[in-house]
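Trainee: For reference, this is structure_1.txt, and it has compact mmCIF, C-alpha atoms.
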```txt
# COMPACT_ATOMS: atom_id res chain seq x y z
CA MET A 866 -103.37 43.55 142.01
CA SER A 867 -104.64 47.05 141.23
CA VAL A 868 -102.57 50.18 141.68
CA SER A 869 -104.14 53.43 142.66
CA PRO A 870 -103.20 56.67 140.93
CA SER A 871 -101.62 57.87 144.12
CA ASP A 872 -99.48 54.71 144.27
CA GLY A 873 -98.47 55.21 140.63
CA ASN A 874 -97.44 58.76 141.32
CA HIS A 875 -95.46 57.55 144.30
CA LEU A 876 -93.67 54.84 142.26
CA GLY A 877 -92.99 57.28 139.45
CA GLY A 878 -91.44 59.65 141.98
CA ILE A 879 -89.19 56.91 143.32
CA GLN A 880 -88.06 55.95 139.81
CA THR A 881 -87.36 59.56 138.92
CA GLU A 882 -85.32 59.99 142.12
CA LYS A 883 -83.33 56.83 141.37
CA LYS A 884 -82.70 58.04 137.83
CA ARG A 885 -81.48 61.41 139.06
CA LYS A 886 -79.27 59.71 141.65
CA HIS A 887 -77.80 57.43 138.97
CA GLU A 888 -77.17 60.37 136.62
CA GLY A 889 -75.55 62.27 139.49
CA GLU A 890 -73.23 59.34 140.27
CA GLU A 891 -72.38 59.10 136.57
CA ALA A 892 -71.56 62.81 136.45
CA LEU A 893 -69.39 62.48 139.56
CA THR A 894 -67.56 59.52 138.01
CA GLN A 895 -66.94 61.41 134.75
CA ASP A 896 -65.82 64.48 136.71
CA SER A 897 -63.43 62.32 138.75
CA LYS A 898 -61.99 60.77 135.57
CA LYS A 899 -61.60 64.22 134.04
CA ARG A 900 -59.77 65.49 137.08
CA LYS A 901 -57.50 62.45 137.06
CA ILE A 902 -56.64 63.00 133.38
CA GLU A 903 -55.94 66.68 134.04
CA SER A 904 -53.77 65.77 136.98
CA THR A 905 -51.81 63.30 134.85
CA GLU A 906 -51.40 65.85 132.07
CA SER A 907 -50.25 68.52 134.50
CA SER A 908 -47.53 66.18 135.83
CA SER A 909 -46.39 65.23 132.31
CA PRO A 910 -43.97 67.44 130.26
CA LYS A 911 -45.69 70.36 128.49
CA SER A 912 -44.47 72.71 125.85
CA ASN A 913 -43.33 76.05 127.27
CA GLY A 914 -43.54 77.90 123.98
CA THR A 915 -39.88 77.28 123.13
CA ASN A 916 -40.30 73.63 122.07
CA GLN A 917 -38.31 72.53 125.15
CA THR A 918 -39.78 69.93 127.48
CA GLN A 919 -39.70 70.12 131.24
CA LYS A 920 -37.22 67.69 132.74
CA SER A 921 -36.15 66.49 136.13
CA TYR A 922 -33.32 68.28 137.91
CA LYS A 923 -30.84 65.54 137.06
CA ASP A 924 -31.86 65.52 133.39
CA ARG A 925 -31.65 69.32 133.15
CA LYS A 926 -28.26 69.23 134.83
CA ASN A 927 -26.99 66.55 132.46
CA PRO A 928 -28.93 66.62 129.14
CA SER A 929 -27.17 63.51 127.83
CA ARG A 930 -28.06 61.50 130.93
CA LYS A 931 -30.84 59.47 129.31
CA LYS A 932 -29.37 59.40 125.84
CA SER A 933 -26.51 57.01 126.56
CA ASN A 934 -24.79 55.26 129.42
CA GLN A 935 -21.83 54.41 127.22
CA ILE A 936 -18.41 54.74 128.84
CA PHE A 937 -15.63 56.06 126.61
CA GLU A 938 -12.67 54.42 128.32
CA HIS A 939 -10.12 56.13 126.07
CA GLY A 940 -11.80 59.54 126.06
CA ASN A 941 -12.93 58.83 122.51
CA TYR A 942 -16.11 60.94 122.71
CA LEU A 943 -18.00 60.91 119.43
CA ASP A 944 -19.29 64.48 119.76
CA TYR A 945 -16.29 65.93 121.60
CA TYR A 946 -15.97 69.16 119.63
CA GLY A 947 -19.73 69.55 119.59
CA TYR A 948 -19.77 70.29 123.30
CA ARG A 949 -16.21 71.55 123.71
CA ASN A 950 -16.67 74.43 121.25
CA LYS A 951 -20.44 74.74 121.64
CA GLY A 952 -21.67 78.16 120.57
CA TYR A 953 -18.25 79.14 119.18
CA SER A 954 -17.75 79.33 115.41
CA GLY A 955 -14.15 80.54 115.17
CA ARG A 956 -10.90 78.62 115.04
CA ASP A 957 -9.90 76.58 118.07
CA PRO A 958 -8.93 79.15 120.78
CA ARG A 959 -5.87 77.08 121.69
CA LEU A 960 -4.22 78.06 118.41
CA SER A 961 -3.89 81.64 119.65
CA VAL A 962 -1.33 80.70 122.33
CA LEU A 963 0.86 78.51 120.12
CA ASP A 964 4.10 79.85 118.64
CA PRO A 965 3.74 79.88 114.82
CA SER A 966 7.52 79.66 114.35
CA LEU A 967 7.52 76.14 115.82
CA PHE A 968 5.32 74.93 112.96
CA THR A 969 7.11 76.55 110.03
CA LYS A 970 7.83 73.78 107.48
CA ALA A 971 7.38 71.29 110.33
CA LYS A 972 6.39 67.64 110.20
CA CYS A 973 3.68 67.29 112.84
CA LEU A 974 1.84 64.51 114.65
CA ASP A 975 -1.46 65.02 116.50
CA VAL A 976 -1.88 62.23 119.08
CA GLY A 977 -5.54 61.53 119.91
CA CYS A 978 -6.88 63.67 117.07
CA ASN A 979 -10.56 62.70 117.64
CA ALA A 980 -12.66 63.98 114.68
CA GLY A 981 -9.70 65.96 113.30
CA ILE A 982 -10.95 69.52 113.94
CA PHE A 983 -7.84 70.73 115.76
CA THR A 984 -5.62 68.86 113.28
CA LEU A 985 -7.26 70.59 110.32
CA ASP A 986 -7.06 74.00 112.00
CA LEU A 987 -3.31 73.53 112.54
CA ALA A 988 -2.90 72.75 108.84
CA VAL A 989 -4.85 75.86 107.79
CA VAL A 990 -3.44 78.39 110.25
CA PHE A 991 0.26 77.44 110.32
CA ASP A 992 2.82 77.00 107.54
CA ILE A 993 3.41 73.31 108.18
CA GLN A 994 5.01 70.76 105.86
CA SER A 995 2.66 67.95 106.90
CA ILE A 996 0.49 66.74 109.77
CA HIS A 997 -0.60 63.23 110.67
CA GLY A 998 -3.55 62.62 112.99
CA VAL A 999 -3.82 59.34 114.90
CA ASP A 1000 -6.65 58.08 117.15
CA ILE A 1001 -7.52 54.84 118.91
CA ASP A 1002 -11.16 54.87 117.68
CA HIS A 1003 -11.79 53.90 114.03
CA ARG A 1004 -15.16 55.70 114.10
CA LEU A 1005 -13.48 58.98 114.90
CA ILE A 1006 -10.86 58.45 112.20
CA ASN A 1007 -13.62 57.83 109.65
CA LYS A 1008 -15.28 61.03 110.84
CA ALA A 1009 -11.98 62.92 110.62
CA ARG A 1010 -11.43 61.71 107.05
CA GLY A 1011 -14.96 62.79 106.16
CA ASN A 1012 -14.38 66.20 107.70
CA PHE A 1013 -11.09 66.50 105.84
CA THR A 1014 -12.69 65.64 102.48
CA LYS A 1015 -15.47 68.19 102.92
CA TYR A 1016 -13.04 70.71 104.36
CA CYS A 1017 -11.10 70.59 101.09
CA LYS A 1018 -13.81 70.05 98.48
CA VAL A 1019 -16.76 72.17 99.55
CA ALA A 1020 -15.03 75.29 100.86
CA SER A 1021 -17.21 77.48 98.65
CA LEU A 1022 -20.54 76.23 100.08
CA PRO A 1023 -22.33 78.00 102.94
CA LYS A 1024 -21.46 76.52 106.30
CA THR A 1025 -25.09 75.55 106.94
CA ASP A 1026 -24.99 73.20 103.93
CA LEU A 1027 -22.06 71.18 105.28
CA ASP A 1028 -22.57 67.83 107.00
CA VAL A 1029 -19.51 68.31 109.22
CA ASP A 1030 -18.84 69.26 112.83
CA SER A 1031 -20.32 72.64 113.71
CA SER A 1032 -16.95 73.89 114.95
CA ILE A 1033 -15.29 73.64 111.52
CA GLU A 1034 -14.53 76.93 109.85
CA VAL A 1035 -14.13 76.22 106.15
CA SER A 1036 -11.38 78.10 104.38
CA SER A 1037 -10.89 78.35 100.63
CA LYS A 1038 -7.69 80.38 100.93
CA LYS A 1039 -5.34 77.46 101.49
CA ASP A 1040 -5.10 74.05 99.85
CA ILE A 1041 -4.36 71.48 102.54
CA SER A 1042 -5.30 68.41 100.50
CA ARG A 1043 -1.66 67.19 100.42
CA LEU A 1044 -0.75 68.17 103.97
CA VAL A 1045 -3.07 66.08 106.14
CA THR A 1046 -3.43 62.34 106.77
CA PHE A 1047 -5.35 60.36 109.39
CA LYS A 1048 -4.75 56.86 110.74
CA TYR A 1049 -6.56 54.52 113.14
CA ASP A 1050 -3.95 53.34 115.63
CA ASP A 1051 -2.92 53.25 119.30
CA TYR A 1052 0.10 55.55 119.49
CA THR A 1053 1.38 53.90 122.67
CA LYS A 1054 1.62 50.54 120.86
CA THR A 1055 3.20 51.75 117.60
CA PRO A 1056 6.94 51.23 116.91
CA GLU A 1057 9.31 54.10 117.67
CA THR A 1058 10.18 56.37 114.73
CA PRO A 1059 13.41 58.17 115.72
CA GLY A 1060 13.39 61.86 114.80
CA ALA A 1061 10.35 61.55 112.52
CA TYR A 1062 8.58 64.70 113.75
CA ASP A 1063 9.39 68.33 114.47
CA VAL A 1064 6.26 68.83 116.58
CA ILE A 1065 3.95 66.45 118.44
CA THR A 1066 0.69 67.76 119.90
CA CYS A 1067 -1.17 65.87 122.62
CA MET A 1068 -4.25 67.87 123.58
CA SER A 1069 -6.43 66.66 126.49
CA VAL A 1070 -5.43 63.06 125.83
CA ILE A 1071 -2.60 62.26 128.26
CA LYS A 1072 -5.06 61.52 131.10
CA TRP A 1073 -6.51 58.61 129.17
CA ILE A 1074 -3.06 57.26 128.32
CA HIS A 1075 -2.20 57.52 132.01
CA ILE A 1076 -5.36 55.75 133.22
CA ASN A 1077 -5.27 52.94 130.65
CA ASN A 1078 -1.53 52.27 130.82
CA GLY A 1079 -0.67 53.18 134.41
CA ASP A 1080 2.36 55.08 135.69
CA GLU A 1081 4.81 52.89 133.78
CA GLY A 1082 2.81 53.30 130.57
CA LEU A 1083 2.90 57.08 131.03
CA ARG A 1084 6.68 57.01 131.45
CA ALA A 1085 6.98 54.82 128.34
CA THR A 1086 4.87 57.31 126.34
CA PHE A 1087 7.06 60.24 127.43
CA LYS A 1088 10.11 58.20 126.43
CA LYS A 1089 8.52 57.51 123.02
CA PHE A 1090 7.86 61.25 122.57
CA ALA A 1091 11.57 61.88 123.16
CA VAL A 1092 12.50 59.32 120.51
CA ASP A 1093 9.94 60.36 117.87
CA ILE A 1094 10.63 64.11 118.18
CA LYS A 1095 13.92 65.11 116.66
CA LYS A 1096 16.49 67.03 118.72
CA GLY A 1097 15.43 70.68 118.85
CA GLY A 1098 11.79 69.74 118.11
CA HIS A 1099 8.86 70.43 120.40
CA LEU A 1100 6.13 68.64 122.36
CA ILE A 1101 2.91 70.59 122.96
CA LEU A 1102 0.99 69.06 125.84
CA GLU A 1103 -2.43 69.95 127.26
CA PRO A 1104 -2.76 67.78 130.40
CA GLN A 1105 -6.04 67.38 132.24
CA PRO A 1106 -6.04 68.28 135.95
CA TRP A 1107 -6.12 65.49 138.55
CA SER A 1108 -9.65 66.56 139.52
CA SER A 1109 -10.87 65.32 136.11
CA TYR A 1110 -9.66 61.76 136.85
CA ARG A 1111 -13.12 60.86 138.14
CA PRO A 1112 -13.67 57.12 138.79
CA ARG A 1113 -17.42 57.32 138.22
CA LYS A 1114 -16.79 58.03 134.53
CA LEU A 1115 -14.35 55.13 134.11
CA SER A 1116 -14.74 51.49 133.14
CA GLN A 1117 -14.06 48.81 135.75
CA LYS A 1118 -10.55 48.39 134.37
CA GLY A 1119 -10.04 52.16 134.50
CA LYS A 1120 -11.22 52.29 138.13
CA GLU A 1121 -8.76 49.58 139.12
CA SER A 1122 -5.92 51.39 137.33
CA TYR A 1123 -6.95 54.72 138.88
CA GLY A 1124 -6.53 53.28 142.36
CA LYS A 1125 -2.91 52.33 141.62
CA LEU A 1126 -1.76 55.66 140.14
CA VAL A 1127 0.99 57.45 142.06
CA LEU A 1128 2.07 60.05 139.53
CA ARG A 1129 0.11 63.30 139.19
CA PRO A 1130 -0.09 65.92 136.40
CA GLU A 1131 2.16 68.21 138.47
CA ASN A 1132 4.89 65.56 138.10
CA PHE A 1133 4.77 65.57 134.28
CA THR A 1134 7.36 68.33 133.74
CA GLU A 1135 9.85 66.52 135.97
CA LEU A 1136 9.20 63.21 134.19
CA LEU A 1137 9.66 64.82 130.79
CA SER A 1138 12.90 66.45 131.94
CA GLU A 1139 14.23 62.96 132.66
CA GLU A 1140 13.73 62.21 128.96
CA GLY A 1141 15.53 65.39 127.87
CA PHE A 1142 12.62 67.82 127.53
CA GLU A 1143 13.00 71.42 128.68
CA LEU A 1144 9.93 73.52 129.55
CA VAL A 1145 9.72 76.50 127.19
CA SER A 1146 6.35 78.03 128.08
CA GLU A 1147 3.07 77.56 129.92
CA THR A 1148 0.11 79.46 128.45
CA LYS A 1149 -3.70 79.64 128.59
CA PRO A 1150 -6.12 80.73 125.84
CA GLU A 1151 -7.90 84.04 126.48
CA ILE A 1152 -11.26 82.73 125.27
CA SER A 1153 -12.91 80.33 127.71
CA ILE A 1154 -15.37 77.83 126.24
CA GLY A 1155 -17.07 75.30 128.46
CA GLY A 1156 -14.13 75.39 130.88
CA PHE A 1157 -11.89 73.45 128.49
CA SER A 1158 -9.69 76.30 127.28
CA CYS A 1159 -8.87 77.18 130.89
CA ARG A 1160 -6.42 74.31 130.85
CA SER A 1161 -2.75 75.22 130.65
CA ILE A 1162 -0.84 74.32 127.50
CA PHE A 1163 2.81 73.39 128.02
CA THR A 1164 5.47 73.64 125.30
CA TYR A 1165 8.61 71.52 125.77
CA LYS A 1166 11.80 71.46 123.72
CA ASN A 1167 13.60 68.18 123.12
CA THR A 1168 17.21 68.92 124.10
CA GLY A 1169 18.33 65.37 123.39
CA ASN A 1170 20.02 65.23 126.82
CA LYS A 1171 18.37 62.60 128.96
CA ARG A 1172 18.06 63.37 132.68
CA PHE A 1173 19.79 66.74 132.20
CA VAL A 1174 17.99 68.22 135.22
CA GLN A 1175 18.94 65.31 137.45
CA LYS A 1176 22.61 65.54 136.43
CA GLU A 1177 22.76 69.19 137.40
CA GLU A 1178 21.16 68.42 140.75
CA SER A 1179 23.51 65.50 141.43
CA VAL A 1180 26.54 67.78 140.96
CA LYS A 1181 25.23 70.13 143.64
CA GLU A 1182 24.13 67.51 146.17
CA GLU A 1183 23.86 63.75 146.18
CA PRO A 1184 20.50 62.25 147.19
CA VAL A 1185 20.37 61.13 150.82
CA LYS A 1186 20.06 57.47 149.92
CA GLU A 1187 23.12 57.63 147.70
CA GLN A 1188 25.08 59.33 150.46
CA GLU A 1189 24.14 56.62 152.96
CA LYS A 1190 25.03 53.91 150.47
CA THR A 1191 28.43 55.48 149.78
CA LYS A 1192 29.11 55.91 153.48
CA LYS A 1193 28.36 52.24 154.24
CA LYS A 1194 30.51 51.16 151.32
CA ARG A 1195 33.43 53.19 152.64
CA GLU A 1196 32.98 51.79 156.14
CA ARG A 1197 33.00 48.23 154.81
CA LYS A 1198 36.14 48.96 152.82
CA ARG A 1199 37.83 50.52 155.86
CA SER A 1200 36.79 47.56 157.99
CA ARG A 1201 38.25 45.10 155.49
CA LYS A 1202 41.44 47.13 155.36
CA ASN A 1203 41.73 47.19 159.17
CA LYS A 1204 41.14 43.46 159.34
CA SER A 1205 43.75 42.92 156.68
CA GLU A 1206 46.24 45.08 158.55
CA GLU A 1207 45.53 43.30 161.85
CA SER A 1208 45.96 39.96 160.14
CA THR A 1209 49.28 41.06 158.64
CA GLU A 1210 50.58 42.33 162.00
CA LYS A 1211 49.54 39.13 163.71
CA LYS A 1212 51.24 37.05 161.05
CA GLU A 1213 54.42 39.10 161.30
CA LYS A 1214 54.38 38.79 165.10
CA GLU A 1215 53.95 35.04 164.89
CA GLU A 1216 56.78 34.77 162.35
CA LYS A 1217 59.01 36.85 164.63
CA GLN A 1218 58.18 34.64 167.58
CA GLU A 1219 59.00 31.56 165.52
CA GLN A 1220 62.32 33.07 164.50
CA GLU A 1221 63.15 33.88 168.14
CA LYS A 1222 62.32 30.30 169.16
CA GLU A 1223 64.52 28.93 166.38
CA GLN A 1224 67.35 31.20 167.41
CA GLU A 1225 66.96 30.18 171.09
CA LYS A 1226 66.97 26.51 170.07
CA ASP A 1227 70.06 26.95 167.91
CA LYS A 1228 71.79 28.77 170.75
CA LYS A 1229 71.08 25.93 173.22
CA GLU A 1230 72.27 23.31 170.74
CA ASN A 1231 75.52 25.21 170.16
CA GLN A 1232 76.10 25.52 173.92
CA MET A 1233 75.55 21.79 174.43
CA THR A 1234 77.98 21.01 171.66
CA VAL A 1235 80.69 23.22 173.23
CA GLU A 1236 80.22 21.55 176.64
CA GLU A 1237 80.51 18.06 175.16
CA GLU A 1238 83.71 18.97 173.32
CA SER A 1239 85.25 20.42 176.46
CA LYS A 1240 84.71 17.14 178.32
```
As a first step, turn the structure in this file into structure tokens.

Mentor:
Amino acid sequence: MSVSPSDGNHLGGIQTEKKRKHEGEEALTQDSKKRKIESTESSSPKSNGTNQTQKSYKDRKNPSRKKSNQIFEHGNYLDYYGYRNKGYSGRDPRLSVLDPSLFTKAKCLDVGCNAGIFTLDLAVVFDIQSIHGVDIDHRLINKARGNFTKYCKVASLPKTDLDVDSSIEVSSKKDISRLVTFKYDDYTKTPETPGAYDVITCMSVIKWIHINNGDEGLRATFKKFAVDIKKGGHLILEPQPWSSYRPRKLSQKGKESYGKLVLRPENFTELLSEEGFELVSETKPEISIGGFSCRSIFTYKNTGNKRFVQKEESVKEEPVKEQEKTKKKRERKRSRKNKSEESTEKKEKEEKQEQEKEQEKDKKENQMTVEEESK
């Protein structure tokens, strides 16, 4: 079949149009892909010039949200001082409100010492005889021992060269190598050591003892403080407020225990007074870091007189329940006495009646005898 030139031109035009249409569709497809890629990139995190990535609201609100879902059921946070004293390079602000005279030549115990930062600061700042740090997490004790070693041995190095917690302030003015020891242990489970310490510090730890051991465990810990601190010694307590007892941050066991707690931090002074502690002072650090140092720090003196507050109160006025109990006891005693008296009177009356009958009988017999003799 022959094709005319006009037909060839027509076919060529159709082919050219198809080619252009195909190229146009290809361009549209590529443009669509490009736009899709750009859209994806725009929704993904970009650098803002400060090497910080954009995050969701929840992630920005809680930076550690995606890092770990680990629950520290004893408050044994591995980077506790990293965020407690974040941005602060001086000594722990809590030291500023403590009375130095309490620590002079004192044997001290730091319960729940974590990585040992506060423990080491106490040893450097105050004229102590010794200090022993104890914590329930062996990882933290290992970290505390590492901090202690570097604290003592590399005091002359620049702080930036130290592989220790950022909150440590290295001092070369005082040798504390023989003053400090650390031990992995659960203080609530250790045997009592009567009068072993002049000062016990328990800083932001008592909440975890309370949650994990319940109300009775808290009372037992306060009792142990009273035994371990010698008479005239001191307990320095930094309790967490009740608002920090948040179930969402607790283990399942902690949540169950939380639901059974009756005692509150505002009851602690009264509970300690039952064990012979007298409140000496309540203070707050002037420097506020991350909200932590806003917590009150209570200093108690061990008087050695158990329940001294309750005894004073009982002299003034007996509790209502005791009064009712005493009243009922007296009524029962009075009732028994009345019954006894009634019984005695009845018995005496019966005996008297018997005697009268006997006398009447004897009288009749005598009269009959006289009449018979007269006959």

Trainee: Have a look at atom CA of Ala971 of chain A and atom CA of Asn1078 of chain A and let me know their distance in Å, one decimal.

Mentor: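 One can read the atom CA of Ala971 of chain A to atom CA of Asn1078 of chain A distance as 29.3 Å.
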
Trainee: Do you have the atom CA of Thr984 of chain A-atom CA of Asp1080 of chain A distance handy?

Mentor: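 So the answer is 27.5 Å.
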
Trainee: Go ahead and compute the interatomic distance for atom CA of Lys970 of chain A and atom CA of Gln994 of chain A, in Å to one decimal.

Mentor: 4.4 Å

Trainee: Counting all atoms listed in the file, which of A:Asn1167, A:Asn1132, A:Ser995, A:Ser1109 gets nearest to Asp1093 of chain A?

Mentor: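 Nearest candidate to Asp1093 of chain A out of A:Asn1167, A:Asn1132, A:Ser995, A:Ser1109: A:Asn1167.
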
Trainee: Anything within 10 Å of (-3.1, 75.6, 111.9): list those residues as a list in words, counting all atoms listed in the file and sticking to the file's coordinates.

Mentor: Arg956, Asp957, Leu960, Ser961, Leu963, Pro965, Phe968, Phe983, Thr984, Leu985, Asp986, Leu987, Ala988, Val989, Val990, Phe991, Asp992, Ile993 and Ile996 of chain A

Trainee: Using all atoms listed in the file, can you tell me which of A:Lys1089, A:Arg1043, A:Lys1149, A:Lys1072 comes closest to Leu1115 of chain A?

Mentor: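 Answer, going by the shortest atom-to-atom distance: A:Lys1072.
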
Trainee: Leaving out Leu1144 of chain A and any residue of its chain fewer than 2 positions from it, which residues lie within 8 Å of it when counting only C-alpha atoms, given as a count of residues only?

Mentor: 8

Trainee: Quick one: residues within 8 Å of Lys1008 of chain A, only C-alpha atoms counted, chain neighbours fewer than 4 positions away excluded, as an MDAnalysis selection string?

Mentor: chainID A and resid 980:981 1004 1012

Trainee: Using the file's own x, y and z axes, what box holds all listed atoms of segment 1125-1131 of chain A with 4 Å on each side, keeping edges along x, y and z, and what are its centre and edge lengths in Å to one decimal, as lines of an AutoDock Vina configuration file?

Mentor:
```
center_x = -0.4
center_y = 60.3
center_z = 139.2
size_x = 13.1
size_y = 23.9
size_z = 13.7
```

Trainee: Rank A:Leu1126, A:Ala1061, A:Ile1076, A:Ile1071 by their smallest atom-to-atom distance to Leu1102 of chain A, using all atoms listed in the file, and report the top residue only.

Mentor: A:Ile1071

Trainee: Looking at only C-alpha atoms, which of A:Cys978, A:Val1064, A:Leu1136, A:Val1127 is the one that sits closest to Lys1096 of chain A?

Mentor: A:Val1064
